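Just below is one structure, and these are the notes that go with it.
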Amino acid sequence: MSRSALAQAVAEAVSAVPGVARLSPGGVVEVATQFAGGKVVGILLTPTAVRVHVVIDRVPVPLVAAAVSQAARRALDRLADSRAVDVVVDDIVLGAMESVERS
């Protein structure tokens, strides 16, 4: 499986999780998997893990992060990849927090 196909499969699975607003490029240094002809922002493949950076629009954060981890794990399992999954929540969309405060 190519790096590009693996990163794209994880990105698609994670982006479909309710509560994920978008994949995140991270902080000071861009988080991305680069390959000839492009990159997948928000997904970093290392030899031992796949790091997924997201911006979420729902709380509670641990539930969304767990769903992201499970979606990434399922995508990796379908591709017979056993790397660990690390999820980083880089930001929460302000509208999500405002709706919780009004409840």
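In the structure tokens, chains take letters A, B, ... by order of appearance, with residues numbered from 1 within each chain and ligands from 1 in the order shown.
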
- Message: If we count only C-alpha atoms and set the cut-off at 12 Å, which residues sit around A:Leu63, ignoring sequence neighbours fewer than 6 positions away in its own chain? Please answer as JSON, numbers by chain.
- Response: {"A": [17, 18, 19, 20, 56, 57, 69, 70, 87, 89]}

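Those residues that approach A:Thr46 to within 12 Å, counting only C-alpha atoms, are Arg3, Leu6, Ala7, Val31, Ala32, Thr33, Gln34, Arg51, Val52, Ser82, Arg83, Ala84, Val85 and Asp86 of chain A; same-chain residues fewer than 5 positions away are not listed.
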
Resulting file, chosen residues, C-alpha atoms, as a PDB file, in the first residue's frame:
```pdb
ATOM      1  CA  ARG A   3       1.848   6.191   1.565  1.00  0.00           C
ATOM      2  CA  LEU A   6      -2.888   4.912   3.198  1.00  0.00           C
ATOM      3  CA  ALA A   7      -2.968   8.569   4.275  1.00  0.00           C
ATOM      4  CA  VAL A  31       1.436  18.015   9.931  1.00  0.00           C
ATOM      5  CA  ALA A  32       1.088  16.178   6.630  1.00  0.00           C
ATOM      6  CA  THR A  33       1.999  13.045   4.752  1.00  0.00           C
ATOM      7  CA  GLN A  34       3.869  14.115   1.654  1.00  0.00           C
ATOM      8  CA  ARG A  51      -0.940  10.676  13.946  1.00  0.00           C
ATOM      9  CA  VAL A  52      -4.277  12.297  13.146  1.00  0.00           C
ATOM     10  CA  SER A  82      -0.950  -2.453  12.330  1.00  0.00           C
ATOM     11  CA  ARG A  83       0.497   0.944  13.263  1.00  0.00           C
ATOM     12  CA  ALA A  84      -0.760   2.634  16.412  1.00  0.00           C
ATOM     13  CA  VAL A  85      -3.189   5.548  16.088  1.00  0.00           C
ATOM     14  CA  ASP A  86      -2.552   8.824  17.914  1.00  0.00           C
TER      15      ASP A  86
END
```

- Task: Could you give me the residues within chain A that DSSP places in alpha helix (DSSP H), as a PyMOL selection string?
- Result: chain A and resi 3-15+61-78+94-102

Please produce an output containing N, CA and C atoms for each residue in the selection, written as a short mmCIF file (atom, residue, chain, number, x, y, z; two decimals), in the first residue's frame.
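Output (result_15.cif):
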```cif
data_model
loop_
_atom_site.label_atom_id
_atom_site.label_comp_id
_atom_site.auth_asym_id
_atom_site.auth_seq_id
_atom_site.Cartn_x
_atom_site.Cartn_y
_atom_site.Cartn_z
N ARG A 3 2.05 5.18 0.51
CA ARG A 3 1.85 6.19 1.57
C ARG A 3 0.65 7.08 1.24
N SER A 4 0.53 7.47 -0.02
CA SER A 4 -0.57 8.36 -0.40
C SER A 4 -1.92 7.68 -0.20
N ALA A 5 -2.05 6.43 -0.63
CA ALA A 5 -3.32 5.71 -0.50
C ALA A 5 -3.66 5.48 0.97
N LEU A 6 -2.66 5.14 1.77
CA LEU A 6 -2.89 4.91 3.20
C LEU A 6 -3.34 6.20 3.89
N ALA A 7 -2.62 7.29 3.65
CA ALA A 7 -2.97 8.57 4.27
C ALA A 7 -4.35 9.04 3.82
N GLN A 8 -4.65 8.87 2.55
CA GLN A 8 -5.96 9.29 2.04
C GLN A 8 -7.08 8.45 2.62
N ALA A 9 -6.87 7.16 2.77
CA ALA A 9 -7.90 6.30 3.35
C ALA A 9 -8.19 6.70 4.79
N VAL A 10 -7.15 6.97 5.57
CA VAL A 10 -7.36 7.40 6.95
C VAL A 10 -8.05 8.76 6.98
N ALA A 11 -7.62 9.68 6.13
CA ALA A 11 -8.23 11.02 6.08
C ALA A 11 -9.72 10.94 5.76
N GLU A 12 -10.08 10.11 4.80
CA GLU A 12 -11.49 9.97 4.43
C GLU A 12 -12.31 9.39 5.59
N ALA A 13 -11.76 8.37 6.24
CA ALA A 13 -12.48 7.74 7.35
C ALA A 13 -12.68 8.71 8.50
N VAL A 14 -11.64 9.43 8.83
CA VAL A 14 -11.69 10.36 9.96
C VAL A 14 -12.59 11.55 9.65
N SER A 15 -12.54 12.04 8.43
CA SER A 15 -13.36 13.20 8.06
C SER A 15 -14.85 12.90 8.13
N VAL A 61 -14.95 16.25 24.20
CA VAL A 61 -13.75 16.00 23.41
C VAL A 61 -13.33 14.52 23.45
N PRO A 62 -13.30 13.88 24.62
CA PRO A 62 -12.84 12.48 24.64
C PRO A 62 -13.68 11.55 23.77
N LEU A 63 -14.97 11.79 23.68
CA LEU A 63 -15.83 10.92 22.86
C LEU A 63 -15.54 11.10 21.37
N VAL A 64 -15.36 12.34 20.95
CA VAL A 64 -15.04 12.59 19.54
C VAL A 64 -13.66 12.02 19.22
N ALA A 65 -12.69 12.24 20.10
CA ALA A 65 -11.34 11.72 19.87
C ALA A 65 -11.34 10.20 19.79
N ALA A 66 -12.13 9.55 20.62
CA ALA A 66 -12.23 8.08 20.58
C ALA A 66 -12.84 7.62 19.26
N ALA A 67 -13.86 8.32 18.78
CA ALA A 67 -14.49 7.96 17.51
C ALA A 67 -13.51 8.15 16.35
N VAL A 68 -12.70 9.20 16.42
CA VAL A 68 -11.67 9.43 15.40
C VAL A 68 -10.66 8.29 15.41
N SER A 69 -10.23 7.90 16.58
CA SER A 69 -9.26 6.82 16.71
C SER A 69 -9.83 5.51 16.14
N GLN A 70 -11.08 5.22 16.46
CA GLN A 70 -11.72 3.99 15.97
C GLN A 70 -11.86 4.01 14.44
N ALA A 71 -12.22 5.16 13.89
CA ALA A 71 -12.36 5.26 12.42
C ALA A 71 -11.01 5.06 11.74
N ALA A 72 -9.98 5.66 12.28
CA ALA A 72 -8.64 5.49 11.72
C ALA A 72 -8.20 4.04 11.83
N ARG A 73 -8.47 3.42 12.98
CA ARG A 73 -8.08 2.02 13.19
C ARG A 73 -8.77 1.11 12.18
N ARG A 74 -10.08 1.33 11.95
CA ARG A 74 -10.81 0.51 10.97
C ARG A 74 -10.21 0.66 9.57
N ALA A 75 -9.87 1.90 9.20
CA ALA A 75 -9.27 2.14 7.88
C ALA A 75 -7.93 1.43 7.77
N LEU A 76 -7.13 1.49 8.81
CA LEU A 76 -5.83 0.81 8.80
C LEU A 76 -6.00 -0.70 8.76
N ASP A 77 -6.95 -1.22 9.52
CA ASP A 77 -7.20 -2.66 9.53
C ASP A 77 -7.59 -3.17 8.15
N ARG A 78 -8.43 -2.39 7.44
CA ARG A 78 -8.84 -2.79 6.09
C ARG A 78 -7.64 -2.88 5.15
N LEU A 94 -15.55 27.36 17.76
CA LEU A 94 -16.21 28.16 18.79
C LEU A 94 -17.70 27.89 18.89
N GLY A 95 -18.38 27.70 17.78
CA GLY A 95 -19.83 27.48 17.80
C GLY A 95 -20.22 26.28 18.64
N ALA A 96 -19.39 25.26 18.69
CA ALA A 96 -19.69 24.07 19.49
C ALA A 96 -19.72 24.42 20.96
N MET A 97 -18.78 25.20 21.41
CA MET A 97 -18.73 25.56 22.82
C MET A 97 -19.87 26.50 23.19
N GLU A 98 -20.23 27.42 22.30
CA GLU A 98 -21.32 28.34 22.59
C GLU A 98 -22.64 27.59 22.74
N SER A 99 -22.87 26.57 21.92
CA SER A 99 -24.13 25.83 22.01
C SER A 99 -24.19 25.04 23.31
N VAL A 100 -23.08 24.56 23.82
CA VAL A 100 -23.06 23.84 25.09
C VAL A 100 -23.35 24.81 26.23
N GLU A 101 -22.78 26.00 26.19
CA GLU A 101 -22.99 26.98 27.25
C GLU A 101 -24.43 27.43 27.32
N ARG A 102 -25.14 27.47 26.21
CA ARG A 102 -26.54 27.91 26.18
C ARG A 102 -27.48 26.83 26.70
#
```

- Query: In Å to one decimal, how far is atom CA of A:Val54 from atom CA of A:Asp91?
  - Reply: 7.2 Å

- Item | For A:Val29, the nearest of the candidates A:Val50, A:Leu44, A:Val59, A:Ile92, counting only C-alpha atoms |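 Smallest distance to A:Val29 is found for A:Leu44.
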
- Which is closer to A:Pro25 than all the others in A:Val55, A:Leu79, A:Leu45, A:Val93, using only C-alpha atoms?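 Comparing A:Val55, A:Leu79, A:Leu45, A:Val93 against A:Pro25, the winner is A:Val55.
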
- Message: One decimal, in Å: what's the spacing between atom CA of A:Met1 and atom CA of A:Pro47?
- Response: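 Distance between the two atoms: 13.7 Å.
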
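For the set A:Gly42, A:Gly37, A:Gly26, A:Pro60, the residue with the smallest atom-to-atom gap to A:Asp90 is A:Gly26, counting only C-alpha atoms.
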
- Task: Work out how far atom CA of A:Ala80 is from atom CA of A:His53, in Å to one decimal.
- Result: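 Pair atom CA of A:His53 / atom CA of A:Ala80 returns 21.8 Å.
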